[in-house]
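Data block for upload_3.tsv (TSV, C-alpha atoms (C1' of nucleotides)):
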```tsv
chain	number	residue	atom	x	y	z
A	1	MET	CA	50.63	86.90	130.26
A	2	GLU	CA	52.12	87.31	126.86
A	3	ASP	CA	50.92	85.52	123.77
A	4	LEU	CA	54.18	83.61	123.25
A	5	ASP	CA	54.05	82.32	126.82
A	6	ARG	CA	50.45	81.31	126.34
A	7	GLN	CA	51.44	79.39	123.22
A	8	ILE	CA	54.27	77.63	125.01
A	9	VAL	CA	51.98	76.67	127.88
A	10	ARG	CA	49.41	75.32	125.44
A	11	LEU	CA	52.03	73.20	123.70
A	12	LEU	CA	53.35	71.82	127.00
A	13	LEU	CA	49.82	71.02	128.15
A	14	ALA	CA	49.35	68.97	125.00
A	15	ASP	CA	52.75	67.29	125.31
A	16	GLY	CA	54.70	67.76	128.51
A	17	ARG	CA	57.78	66.10	127.06
A	18	MET	CA	58.07	68.26	123.96
A	19	SER	CA	61.70	69.28	123.41
A	20	TYR	CA	62.83	72.90	123.56
A	21	THR	CA	63.95	72.48	119.99
A	22	ASP	CA	60.42	71.57	118.86
A	23	LEU	CA	58.89	74.27	121.04
A	24	GLY	CA	61.20	76.69	119.26
A	25	ARG	CA	60.15	75.43	115.85
A	26	SER	CA	56.45	75.72	116.76
A	27	THR	CA	56.73	79.22	118.18
A	28	GLY	CA	59.31	80.65	115.82
A	29	LEU	CA	61.79	81.27	118.62
A	30	SER	CA	65.30	79.94	119.04
A	31	THR	CA	65.87	76.98	121.32
A	32	SER	CA	67.49	79.07	124.00
A	33	ALA	CA	64.74	81.69	123.91
A	34	VAL	CA	62.01	79.12	124.62
A	35	HIS	CA	64.22	77.56	127.21
A	36	GLN	CA	64.50	80.89	128.98
A	37	ARG	CA	60.75	81.50	128.80
A	38	VAL	CA	59.93	78.04	130.11
A	39	ARG	CA	62.31	78.58	133.01
A	40	ARG	CA	60.61	81.85	133.84
A	41	LEU	CA	57.16	80.24	133.61
A	42	GLU	CA	58.37	77.58	136.05
A	43	GLN	CA	59.87	80.14	138.43
A	44	ARG	CA	56.74	82.28	138.42
A	45	GLY	CA	54.75	79.15	139.24
A	46	VAL	CA	52.67	79.30	136.07
A	47	ILE	CA	54.05	75.87	135.25
A	48	ARG	CA	54.01	73.88	138.49
A	49	GLY	CA	55.63	70.75	137.08
A	50	TYR	CA	55.20	67.92	134.64
A	51	THR	CA	53.48	64.58	134.93
A	52	ALA	CA	52.57	61.43	133.08
A	53	VAL	CA	48.88	60.95	132.38
A	54	VAL	CA	48.08	57.47	133.58
A	55	ASP	CA	45.10	55.17	133.03
A	56	CYS	CA	43.86	54.63	136.58
A	57	GLU	CA	42.20	51.32	135.73
A	58	ALA	CA	45.44	50.01	134.30
A	59	VAL	CA	47.28	50.75	137.55
A	60	GLY	CA	44.67	48.96	139.64
A	61	LEU	CA	42.45	51.83	140.77
A	62	PRO	CA	39.24	51.30	138.80
A	63	LEU	CA	36.90	52.93	141.32
A	64	THR	CA	36.62	56.73	141.48
A	65	ALA	CA	34.26	58.61	143.79
A	66	PHE	CA	33.42	62.11	144.92
A	67	ILE	CA	32.92	62.54	148.64
A	68	SER	CA	31.19	65.67	149.92
A	69	VAL	CA	31.83	66.31	153.58
A	70	LYS	CA	30.22	68.40	156.29
A	71	PRO	CA	31.61	68.79	159.83
A	72	PHE	CA	29.73	67.32	162.78
A	73	ASP	CA	30.65	70.42	164.71
A	74	PRO	CA	30.52	73.51	162.45
A	75	SER	CA	32.08	75.68	165.14
A	76	ALA	CA	35.24	73.56	165.43
A	77	PRO	CA	38.42	74.88	163.75
A	78	ASP	CA	38.51	73.84	160.14
A	79	ASP	CA	41.75	71.98	159.52
A	80	LEU	CA	40.42	69.20	157.31
A	81	PRO	CA	43.04	69.55	154.56
A	82	GLU	CA	45.86	68.96	157.05
A	83	ARG	CA	44.02	66.18	158.83
A	84	LEU	CA	43.48	64.32	155.59
A	85	SER	CA	46.73	65.16	153.86
A	86	GLN	CA	48.32	61.77	154.53
A	87	VAL	CA	45.32	59.88	153.18
A	88	ARG	CA	46.89	59.01	149.84
A	89	GLU	CA	43.66	57.76	148.26
A	90	ILE	CA	42.50	61.37	148.11
A	91	GLU	CA	43.51	62.78	144.76
A	92	ALA	CA	41.95	66.22	145.20
A	93	CYS	CA	40.45	68.34	147.96
A	94	HIS	CA	38.34	71.39	147.14
A	95	SER	CA	36.80	73.80	149.64
A	96	VAL	CA	33.39	74.67	148.25
A	97	ALA	CA	30.43	76.97	148.67
A	98	GLY	CA	27.07	75.32	149.20
A	99	ASP	CA	25.52	72.77	151.43
A	100	GLU	CA	28.76	70.95	152.15
A	101	ASN	CA	32.23	72.23	153.06
A	102	TYR	CA	34.58	70.14	150.95
A	103	ILE	CA	34.51	67.90	147.94
A	104	LEU	CA	37.10	65.14	147.86
A	105	LYS	CA	37.97	63.05	144.83
A	106	VAL	CA	39.23	59.59	145.67
A	107	ARG	CA	40.52	56.53	143.81
A	108	VAL	CA	40.44	53.01	145.19
A	109	ALA	CA	40.78	49.43	143.99
A	110	ALA	CA	37.41	48.07	145.14
A	111	PRO	CA	34.14	48.93	146.93
A	112	GLY	CA	35.42	47.43	150.18
A	113	GLU	CA	38.30	49.88	150.18
A	114	LEU	CA	35.89	52.75	149.65
A	115	GLU	CA	34.00	51.65	152.73
A	116	HIS	CA	37.17	51.66	154.85
A	117	LEU	CA	38.27	54.96	153.36
A	118	LEU	CA	34.96	56.60	154.29
A	119	ALA	CA	35.25	55.39	157.86
A	120	ARG	CA	38.80	56.71	158.02
A	121	ILE	CA	37.80	60.11	156.65
A	122	ARG	CA	34.87	60.43	159.05
A	123	SER	CA	36.93	59.65	162.10
A	124	LEU	CA	40.05	61.60	161.09
A	125	ALA	CA	38.21	64.78	160.15
A	126	GLY	CA	35.04	64.58	162.27
A	127	VAL	CA	32.70	64.89	159.30
A	128	SER	CA	29.66	63.31	157.78
A	129	THR	CA	30.01	62.20	154.18
A	130	ARG	CA	27.89	61.94	151.04
A	131	THR	CA	29.48	59.78	148.37
A	132	THR	CA	28.89	59.81	144.63
A	133	VAL	CA	30.38	56.85	142.78
A	134	VAL	CA	31.76	57.43	139.27
A	135	LEU	CA	30.45	54.90	136.73
A	136	SER	CA	32.51	56.03	133.77
A	137	THR	CA	34.59	59.01	132.71
A	138	PRO	CA	33.97	60.19	129.14
A	139	TYR	CA	36.79	62.69	129.59
A	140	GLU	CA	39.03	64.07	132.27
A	141	ALA	CA	41.95	66.49	132.52
A	142	ARG	CA	41.23	68.20	129.22
A	143	PRO	CA	43.56	71.15	128.61
A	144	PRO	CA	42.17	74.54	129.69
A	145	ILE	CA	41.42	77.22	127.13
A	146	THR	CA	44.30	79.66	127.88
B	1	MET	CA	51.70	44.92	136.25
B	2	GLU	CA	55.23	44.27	137.26
B	3	ASP	CA	56.99	46.04	140.08
B	4	LEU	CA	59.57	47.71	137.84
B	5	ASP	CA	56.80	49.13	135.67
B	6	ARG	CA	54.99	50.38	138.73
B	7	GLN	CA	58.16	52.10	139.86
B	8	ILE	CA	58.67	53.73	136.48
B	9	VAL	CA	55.06	54.96	136.43
B	10	ARG	CA	55.45	56.39	139.91
B	11	LEU	CA	58.60	58.25	138.89
B	12	LEU	CA	56.98	59.65	135.76
B	13	LEU	CA	53.92	60.76	137.75
B	14	ALA	CA	56.23	62.73	140.03
B	15	ASP	CA	58.24	64.17	137.14
B	16	GLY	CA	56.94	63.68	133.63
B	17	ARG	CA	60.13	65.05	132.10
B	18	MET	CA	62.55	62.78	133.91
B	19	SER	CA	65.16	61.48	131.48
B	20	TYR	CA	65.47	57.79	130.61
B	21	THR	CA	68.98	57.96	131.98
B	22	ASP	CA	67.71	59.09	135.39
B	23	LEU	CA	64.86	56.59	135.30
B	24	GLY	CA	67.51	53.95	134.70
B	25	ARG	CA	69.60	55.14	137.64
B	26	SER	CA	66.55	55.13	139.93
B	27	THR	CA	65.38	51.68	138.89
B	28	GLY	CA	68.72	49.96	138.41
B	29	LEU	CA	68.09	49.33	134.72
B	30	SER	CA	70.05	50.47	131.70
B	31	THR	CA	68.81	53.44	129.74
B	32	SER	CA	67.58	51.35	126.84
B	33	ALA	CA	65.79	48.90	129.11
B	34	VAL	CA	63.72	51.67	130.73
B	35	HIS	CA	63.19	53.19	127.35
B	36	GLN	CA	61.72	49.93	126.11
B	37	ARG	CA	59.50	49.57	129.19
B	38	VAL	CA	58.21	53.11	128.91
B	39	ARG	CA	57.40	52.53	125.24
B	40	ARG	CA	55.45	49.42	126.15
B	41	LEU	CA	53.60	51.24	128.93
B	42	GLU	CA	52.65	53.91	126.38
B	43	GLN	CA	51.55	51.34	123.80
B	44	ARG	CA	49.44	49.42	126.30
B	45	GLY	CA	47.78	52.69	127.25
B	46	VAL	CA	48.96	52.58	130.85
B	47	ILE	CA	50.71	55.88	130.17
B	48	ARG	CA	48.31	57.98	128.11
B	49	GLY	CA	50.65	60.92	127.62
B	50	TYR	CA	52.50	63.69	129.39
B	51	THR	CA	51.43	67.15	130.40
B	52	ALA	CA	52.54	70.30	132.16
B	53	VAL	CA	50.82	71.01	135.46
B	54	VAL	CA	49.63	74.60	135.21
B	55	ASP	CA	48.38	77.07	137.80
B	56	CYS	CA	44.86	77.83	136.54
B	57	GLU	CA	44.74	81.21	138.24
B	58	ALA	CA	47.96	82.23	136.57
B	59	VAL	CA	46.53	81.49	133.13
B	60	GLY	CA	43.41	83.52	133.79
B	61	LEU	CA	40.92	80.86	134.95
B	62	PRO	CA	40.51	81.55	138.68
B	63	LEU	CA	36.97	80.17	138.99
B	64	THR	CA	36.40	76.42	139.23
B	65	ALA	CA	33.00	74.77	139.70
B	66	PHE	CA	31.36	71.38	139.77
B	67	ILE	CA	28.11	71.12	137.84
B	68	SER	CA	25.81	68.16	138.50
B	69	VAL	CA	23.32	67.60	135.73
B	70	LYS	CA	20.03	65.73	135.39
B	71	PRO	CA	18.13	65.38	132.08
B	72	PHE	CA	14.75	67.07	131.66
B	73	ASP	CA	13.59	63.95	129.84
B	74	PRO	CA	15.08	60.83	131.46
B	75	SER	CA	13.79	58.63	128.62
B	76	ALA	CA	15.70	60.54	125.90
B	77	PRO	CA	18.87	58.92	124.53
B	78	ASP	CA	21.84	59.84	126.67
B	79	ASP	CA	24.47	61.45	124.46
B	80	LEU	CA	25.56	64.23	126.80
B	81	PRO	CA	29.31	63.61	126.48
B	82	GLU	CA	29.16	64.09	122.70
B	83	ARG	CA	26.81	67.07	122.92
B	84	LEU	CA	29.14	68.84	125.32
B	85	SER	CA	32.47	67.71	123.90
B	86	GLN	CA	33.15	71.01	122.13
B	87	VAL	CA	32.47	73.05	125.25
B	88	ARG	CA	36.11	73.69	126.08
B	89	GLU	CA	35.42	75.12	129.53
B	90	ILE	CA	34.56	71.60	130.66
B	91	GLU	CA	37.71	69.99	132.01
B	92	ALA	CA	36.15	66.69	133.07
B	93	CYS	CA	32.90	64.78	132.59
B	94	HIS	CA	32.02	61.86	134.87
B	95	SER	CA	28.96	59.66	134.58
B	96	VAL	CA	27.86	58.98	138.14
B	97	ALA	CA	25.52	56.90	140.26
B	98	GLY	CA	23.16	58.80	142.51
B	99	ASP	CA	20.60	61.53	142.22
B	100	GLU	CA	22.19	63.15	139.18
B	101	ASN	CA	23.55	61.66	135.96
B	102	TYR	CA	26.80	63.50	135.36
B	103	ILE	CA	29.26	65.64	137.22
B	104	LEU	CA	31.13	68.22	135.17
B	105	LYS	CA	34.18	70.12	136.31
B	106	VAL	CA	34.55	73.52	134.68
B	107	ARG	CA	37.02	76.43	134.74
B	108	VAL	CA	36.15	79.99	133.81
B	109	ALA	CA	37.55	83.48	134.18
B	110	ALA	CA	34.67	85.11	136.03
B	111	PRO	CA	31.17	84.57	137.50
B	112	GLY	CA	29.53	86.06	134.42
B	113	GLU	CA	31.15	83.41	132.26
B	114	LEU	CA	29.86	80.71	134.57
B	115	GLU	CA	26.35	82.05	134.09
B	116	HIS	CA	26.67	81.88	130.29
B	117	LEU	CA	28.27	78.47	130.47
B	118	LEU	CA	25.39	77.09	132.53
B	119	ALA	CA	22.86	78.39	130.03
B	120	ARG	CA	24.85	76.83	127.20
B	121	ILE	CA	25.07	73.46	128.95
B	122	ARG	CA	21.36	73.44	129.74
B	123	SER	CA	20.31	74.18	126.19
B	124	LEU	CA	22.90	71.97	124.47
B	125	ALA	CA	22.28	68.90	126.60
B	126	GLY	CA	18.68	69.39	127.74
B	127	VAL	CA	19.50	69.14	131.41
B	128	SER	CA	18.89	70.89	134.69
B	129	THR	CA	22.00	71.85	136.65
B	130	ARG	CA	23.16	72.15	140.23
B	131	THR	CA	26.37	74.11	140.62
B	132	THR	CA	28.92	73.99	143.40
B	133	VAL	CA	31.50	76.77	143.30
B	134	VAL	CA	35.04	75.98	144.44
B	135	LEU	CA	36.39	78.51	146.96
B	136	SER	CA	39.91	77.14	147.24
B	137	THR	CA	41.81	73.99	146.37
B	138	PRO	CA	44.13	72.73	149.13
B	139	TYR	CA	45.36	70.05	146.74
B	140	GLU	CA	44.56	68.61	143.35
B	141	ALA	CA	45.99	65.98	141.00
B	142	ARG	CA	48.01	64.23	143.68
B	143	PRO	CA	49.71	61.11	142.34
B	144	PRO	CA	47.77	57.85	142.87
B	145	ILE	CA	49.11	55.15	145.15
B	146	THR	CA	50.10	52.55	142.52
C	1	DC	C1'	64.84	89.53	125.43
C	2	DG	C1'	66.56	87.69	121.67
C	3	DT	C1'	70.37	84.97	118.83
C	4	DG	C1'	73.96	81.58	117.65
C	5	DA	C1'	77.66	78.53	118.61
C	6	DA	C1'	79.80	74.88	121.03
C	7	DA	C1'	80.45	71.29	124.65
C	8	DG	C1'	78.34	67.90	127.07
C	9	DA	C1'	74.37	64.91	127.99
C	10	DA	C1'	70.62	62.23	126.56
C	11	DG	C1'	67.82	59.81	123.04
C	12	DC	C1'	67.47	56.18	119.90
C	13	DT	C1'	68.63	51.99	117.16
C	14	DA	C1'	71.11	47.85	116.33
C	15	DG	C1'	73.36	43.84	117.27
C	16	DT	C1'	74.26	40.34	121.02
C	17	DC	C1'	73.33	37.36	124.80
D	1	DG	C1'	63.96	41.23	128.21
D	2	DA	C1'	68.25	43.32	129.14
D	3	DC	C1'	73.01	45.06	127.93
D	4	DT	C1'	76.79	47.50	125.22
D	5	DA	C1'	78.01	50.53	121.62
D	6	DG	C1'	77.79	54.26	118.57
D	7	DC	C1'	75.51	57.80	115.91
D	8	DT	C1'	72.12	61.50	116.23
D	9	DT	C1'	69.70	64.90	118.50
D	10	DC	C1'	68.63	67.83	122.32
D	11	DT	C1'	69.98	70.57	126.39
D	12	DT	C1'	72.42	74.04	128.52
D	13	DT	C1'	75.49	77.76	128.92
D	14	DC	C1'	77.72	81.86	127.47
D	15	DA	C1'	79.16	85.81	124.81
D	16	DC	C1'	76.98	89.27	122.24
D	17	DG	C1'	73.35	92.58	120.07
```
Would you mind writing the file's structure down as structure tokens?
Amino acid sequence: MEDLDRQIVRLLLADGRMSYTDLGRSTGLSTSAVHQRVRRLEQRGVIRGYTAVVDCEAVGLPLTAFISVKPFDPSAPDDLPERLSQVREIEACHSVAGDENYILKVRVAAPGELEHLLARIRSLAGVSTRTTVVLSTPYEARPPIT
Amino acid sequence: MEDLDRQIVRLLLADGRMSYTDLGRSTGLSTSAVHQRVRRLEQRGVIRGYTAVVDCEAVGLPLTAFISVKPFDPSAPDDLPERLSQVREIEACHSVAGDENYILKVRVAAPGELEHLLARIRSLAGVSTRTTVVLSTPYEARPPIT
DNA sequence: CGTGAAAGAAGCTAGTC
DNA sequence: GACTAGCTTCTTTCACG
């Protein structure tokens, strides 16, 4: 990827609402040139979209946890992502190497909800779980190095 | 938090570049009314900012890993977040309950970089590490339920 | 791939209820 | 808090190098 594109991506990571005019000023390109490049970055899937960064506590989800899961039956077909896709409390699902098969990141309002969520995950996906509760988050979602 | 605010937050999570005009149409408010509400949400820290969602592979960081860390000397003052704050490969740092003290999420270009990064983390923070390599990511950064 | 111009849309700020 | 109004700024397209 070209240096100008990298620069544009970096600027949009820092401020997803930056105007094309400002992007142009910062990169030394004309407004329409950045516009074109951003469109291409979106089409190629380099930029997947844009989102607000929200304080989870402020929206009533103060409890974050990581749940590592392992199937009861390792020979069964592995369709966990689909099975759990409608469980909206799951923010992320990573297939991992190591002792367990997946790591899930979840957000809930209270410990009681975590308990119900774990039961739901175990029965929906046929897995055993190991849960690590987050106490605090010094930082999260820092921009990558690009 | 009020229902209208919740709705606005949900819309901005789905599309961080949505215009105030469209937010108004979707919520039944006038443009300036949404504008005002969004400003307040930003001031209160409910909305922390806006960012582009980028495909990490496409920007040259195809390798993601979770690193759980435990201090060599549990009685030493715990300033890991500050000690590691300039390590840009670290995307997130969570203090956690359980066997280990912190979980770090990192992104690098290649296995060799992960090796160097681990050495750097161990010496900077005085910790032992346990690393879980991500093989694939069915989903990530899904919007919370609000 | 880049530029520049021009029309239309959206952002922003007051003043009013 | 929300609305209307009006000025400013940005977006978006297109013709051209």
Just need chain A moved onto chain B: least-squares over all Cα atoms matched in order, then output as a JSON list (two decimals) with C-alpha atoms, keeping the file's coordinate frame.
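out.json written:
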```
[["chain", "number", "residue", "atom", "x", "y", "z"],
["A", 1, "MET", "CA", 51.68, 44.93, 136.35],
["A", 2, "GLU", "CA", 55.23, 44.30, 137.33],
["A", 3, "ASP", "CA", 57.02, 46.06, 140.13],
["A", 4, "LEU", "CA", 59.60, 47.71, 137.85],
["A", 5, "ASP", "CA", 56.82, 49.13, 135.68],
["A", 6, "ARG", "CA", 55.03, 50.38, 138.75],
["A", 7, "GLN", "CA", 58.22, 52.11, 139.87],
["A", 8, "ILE", "CA", 58.71, 53.73, 136.48],
["A", 9, "VAL", "CA", 55.12, 54.95, 136.44],
["A", 10, "ARG", "CA", 55.52, 56.39, 139.92],
["A", 11, "LEU", "CA", 58.66, 58.26, 138.90],
["A", 12, "LEU", "CA", 57.00, 59.66, 135.76],
["A", 13, "LEU", "CA", 53.97, 60.75, 137.76],
["A", 14, "ALA", "CA", 56.28, 62.71, 140.03],
["A", 15, "ASP", "CA", 58.27, 64.16, 137.13],
["A", 16, "GLY", "CA", 56.96, 63.66, 133.62],
["A", 17, "ARG", "CA", 60.13, 65.04, 132.07],
["A", 18, "MET", "CA", 62.57, 62.76, 133.86],
["A", 19, "SER", "CA", 65.18, 61.47, 131.41],
["A", 20, "TYR", "CA", 65.51, 57.78, 130.55],
["A", 21, "THR", "CA", 69.02, 58.00, 131.90],
["A", 22, "ASP", "CA", 67.77, 59.12, 135.33],
["A", 23, "LEU", "CA", 64.92, 56.61, 135.25],
["A", 24, "GLY", "CA", 67.57, 53.97, 134.64],
["A", 25, "ARG", "CA", 69.67, 55.18, 137.55],
["A", 26, "SER", "CA", 66.63, 55.19, 139.88],
["A", 27, "THR", "CA", 65.45, 51.73, 138.89],
["A", 28, "GLY", "CA", 68.79, 50.04, 138.40],
["A", 29, "LEU", "CA", 68.11, 49.34, 134.74],
["A", 30, "SER", "CA", 70.06, 50.43, 131.69],
["A", 31, "THR", "CA", 68.85, 53.42, 129.72],
["A", 32, "SER", "CA", 67.62, 51.31, 126.85],
["A", 33, "ALA", "CA", 65.79, 48.90, 129.14],
["A", 34, "VAL", "CA", 63.72, 51.68, 130.74],
["A", 35, "HIS", "CA", 63.19, 53.17, 127.35],
["A", 36, "GLN", "CA", 61.75, 49.89, 126.13],
["A", 37, "ARG", "CA", 59.51, 49.54, 129.19],
["A", 38, "VAL", "CA", 58.23, 53.10, 128.89],
["A", 39, "ARG", "CA", 57.41, 52.49, 125.24],
["A", 40, "ARG", "CA", 55.47, 49.38, 126.16],
["A", 41, "LEU", "CA", 53.62, 51.22, 128.94],
["A", 42, "GLU", "CA", 52.66, 53.87, 126.38],
["A", 43, "GLN", "CA", 51.55, 51.30, 123.81],
["A", 44, "ARG", "CA", 49.46, 49.39, 126.33],
["A", 45, "GLY", "CA", 47.81, 52.68, 127.26],
["A", 46, "VAL", "CA", 48.97, 52.57, 130.87],
["A", 47, "ILE", "CA", 50.72, 55.86, 130.19],
["A", 48, "ARG", "CA", 48.31, 57.96, 128.13],
["A", 49, "GLY", "CA", 50.64, 60.91, 127.64],
["A", 50, "TYR", "CA", 52.48, 63.68, 129.41],
["A", 51, "THR", "CA", 51.42, 67.14, 130.45],
["A", 52, "ALA", "CA", 52.53, 70.28, 132.21],
["A", 53, "VAL", "CA", 50.81, 71.00, 135.51],
["A", 54, "VAL", "CA", 49.63, 74.57, 135.27],
["A", 55, "ASP", "CA", 48.37, 77.05, 137.85],
["A", 56, "CYS", "CA", 44.87, 77.81, 136.58],
["A", 57, "GLU", "CA", 44.74, 81.19, 138.30],
["A", 58, "ALA", "CA", 47.96, 82.22, 136.62],
["A", 59, "VAL", "CA", 46.52, 81.46, 133.18],
["A", 60, "GLY", "CA", 43.40, 83.51, 133.85],
["A", 61, "LEU", "CA", 40.93, 80.85, 134.97],
["A", 62, "PRO", "CA", 40.50, 81.53, 138.68],
["A", 63, "LEU", "CA", 36.97, 80.16, 138.99],
["A", 64, "THR", "CA", 36.39, 76.40, 139.23],
["A", 65, "ALA", "CA", 32.99, 74.78, 139.69],
["A", 66, "PHE", "CA", 31.33, 71.39, 139.76],
["A", 67, "ILE", "CA", 28.09, 71.13, 137.84],
["A", 68, "SER", "CA", 25.79, 68.17, 138.49],
["A", 69, "VAL", "CA", 23.29, 67.62, 135.73],
["A", 70, "LYS", "CA", 20.03, 65.75, 135.36],
["A", 71, "PRO", "CA", 18.10, 65.38, 132.07],
["A", 72, "PHE", "CA", 14.74, 67.09, 131.64],
["A", 73, "ASP", "CA", 13.58, 64.00, 129.82],
["A", 74, "PRO", "CA", 15.04, 60.85, 131.44],
["A", 75, "SER", "CA", 13.76, 58.67, 128.62],
["A", 76, "ALA", "CA", 15.65, 60.56, 125.90],
["A", 77, "PRO", "CA", 18.85, 58.96, 124.52],
["A", 78, "ASP", "CA", 21.79, 59.87, 126.67],
["A", 79, "ASP", "CA", 24.42, 61.47, 124.47],
["A", 80, "LEU", "CA", 25.52, 64.26, 126.79],
["A", 81, "PRO", "CA", 29.27, 63.62, 126.48],
["A", 82, "GLU", "CA", 29.12, 64.10, 122.71],
["A", 83, "ARG", "CA", 26.79, 67.06, 122.93],
["A", 84, "LEU", "CA", 29.12, 68.84, 125.32],
["A", 85, "SER", "CA", 32.43, 67.71, 123.90],
["A", 86, "GLN", "CA", 33.14, 71.00, 122.12],
["A", 87, "VAL", "CA", 32.46, 73.05, 125.24],
["A", 88, "ARG", "CA", 36.10, 73.69, 126.08],
["A", 89, "GLU", "CA", 35.41, 75.11, 129.54],
["A", 90, "ILE", "CA", 34.55, 71.59, 130.66],
["A", 91, "GLU", "CA", 37.69, 69.99, 132.02],
["A", 92, "ALA", "CA", 36.13, 66.69, 133.07],
["A", 93, "CYS", "CA", 32.89, 64.78, 132.59],
["A", 94, "HIS", "CA", 32.00, 61.86, 134.85],
["A", 95, "SER", "CA", 28.92, 59.66, 134.57],
["A", 96, "VAL", "CA", 27.81, 58.99, 138.13],
["A", 97, "ALA", "CA", 25.48, 56.92, 140.25],
["A", 98, "GLY", "CA", 23.10, 58.82, 142.48],
["A", 99, "ASP", "CA", 20.58, 61.55, 142.21],
["A", 100, "GLU", "CA", 22.16, 63.16, 139.17],
["A", 101, "ASN", "CA", 23.52, 61.67, 135.94],
["A", 102, "TYR", "CA", 26.78, 63.51, 135.36],
["A", 103, "ILE", "CA", 29.24, 65.64, 137.22],
["A", 104, "LEU", "CA", 31.11, 68.21, 135.15],
["A", 105, "LYS", "CA", 34.17, 70.12, 136.30],
["A", 106, "VAL", "CA", 34.55, 73.51, 134.68],
["A", 107, "ARG", "CA", 37.02, 76.40, 134.73],
["A", 108, "VAL", "CA", 36.15, 79.97, 133.81],
["A", 109, "ALA", "CA", 37.55, 83.47, 134.17],
["A", 110, "ALA", "CA", 34.66, 85.11, 136.04],
["A", 111, "PRO", "CA", 31.16, 84.55, 137.50],
["A", 112, "GLY", "CA", 29.54, 86.06, 134.41],
["A", 113, "GLU", "CA", 31.15, 83.42, 132.25],
["A", 114, "LEU", "CA", 29.86, 80.71, 134.56],
["A", 115, "GLU", "CA", 26.36, 82.05, 134.07],
["A", 116, "HIS", "CA", 26.68, 81.89, 130.27],
["A", 117, "LEU", "CA", 28.29, 78.47, 130.46],
["A", 118, "LEU", "CA", 25.38, 77.10, 132.51],
["A", 119, "ALA", "CA", 22.87, 78.41, 130.01],
["A", 120, "ARG", "CA", 24.86, 76.85, 127.19],
["A", 121, "ILE", "CA", 25.06, 73.48, 128.94],
["A", 122, "ARG", "CA", 21.34, 73.46, 129.74],
["A", 123, "SER", "CA", 20.30, 74.19, 126.20],
["A", 124, "LEU", "CA", 22.89, 71.99, 124.46],
["A", 125, "ALA", "CA", 22.25, 68.92, 126.59],
["A", 126, "GLY", "CA", 18.64, 69.42, 127.73],
["A", 127, "VAL", "CA", 19.48, 69.17, 131.42],
["A", 128, "SER", "CA", 18.88, 70.91, 134.69],
["A", 129, "THR", "CA", 21.99, 71.87, 136.63],
["A", 130, "ARG", "CA", 23.13, 72.17, 140.24],
["A", 131, "THR", "CA", 26.36, 74.11, 140.59],
["A", 132, "THR", "CA", 28.91, 73.99, 143.39],
["A", 133, "VAL", "CA", 31.49, 76.77, 143.29],
["A", 134, "VAL", "CA", 35.04, 75.97, 144.43],
["A", 135, "LEU", "CA", 36.39, 78.50, 146.95],
["A", 136, "SER", "CA", 39.90, 77.12, 147.24],
["A", 137, "THR", "CA", 41.80, 73.97, 146.38],
["A", 138, "PRO", "CA", 44.12, 72.71, 149.13],
["A", 139, "TYR", "CA", 45.34, 70.03, 146.74],
["A", 140, "GLU", "CA", 44.54, 68.59, 143.36],
["A", 141, "ALA", "CA", 45.99, 65.98, 141.01],
["A", 142, "ARG", "CA", 47.99, 64.21, 143.69],
["A", 143, "PRO", "CA", 49.71, 61.08, 142.36],
["A", 144, "PRO", "CA", 47.76, 57.84, 142.88],
["A", 145, "ILE", "CA", 49.09, 55.13, 145.16],
["A", 146, "THR", "CA", 50.12, 52.52, 142.53]]
```
For region 4-17 of chain D, work out the shell of residues within 10 Å, counting all atoms listed in the file and skipping chain neighbours fewer than 4 positions away, then give it as number ranges by chain.
A: 19-22, 31-32, 35; B: 30; C: 2-16
Test item: chain D residues at most 9 Å from chain B, counting only C-alpha atoms (C1' of nucleotides), as an MDAnalysis selection string
chainID D and resid 1:3
Could you work out how far CA of Ser68 (chain A) lies from CA of Ile103 (chain A), giving the answer in Å with one decimal?
4.5 Å
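Within 7 Å of region 76-84 of chain A, once only C-alpha atoms (C1' of nucleotides) are used and residues closer than 4 positions along the same chain are dropped, the contacting residues are A:Leu124, A:Ala125, B:Pro138.
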Dump C-alpha atoms for the selected residues as a PDB file, in the frame of the given file?
```
ATOM      1  CA  LEU A 124      40.050  61.600 161.090  1.00  0.00           C
ATOM      2  CA  ALA A 125      38.210  64.780 160.150  1.00  0.00           C
TER       3      ALA A 125
ATOM      4  CA  PRO B 138      44.130  72.730 149.130  1.00  0.00           C
TER       5      PRO B 138
END
```
Please measure the separation of CA of Ser123 (chain B) and CA of Lys70 (chain B), giving the value in Å to one decimal.
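CA of Lys70 (chain B) lies at a distance of 12.5 Å from CA of Ser123 (chain B).
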Can you tell me how far CA of Leu63 (chain A) sits from CA of Leu114 (chain A), in Å to one decimal?
8.4 Å
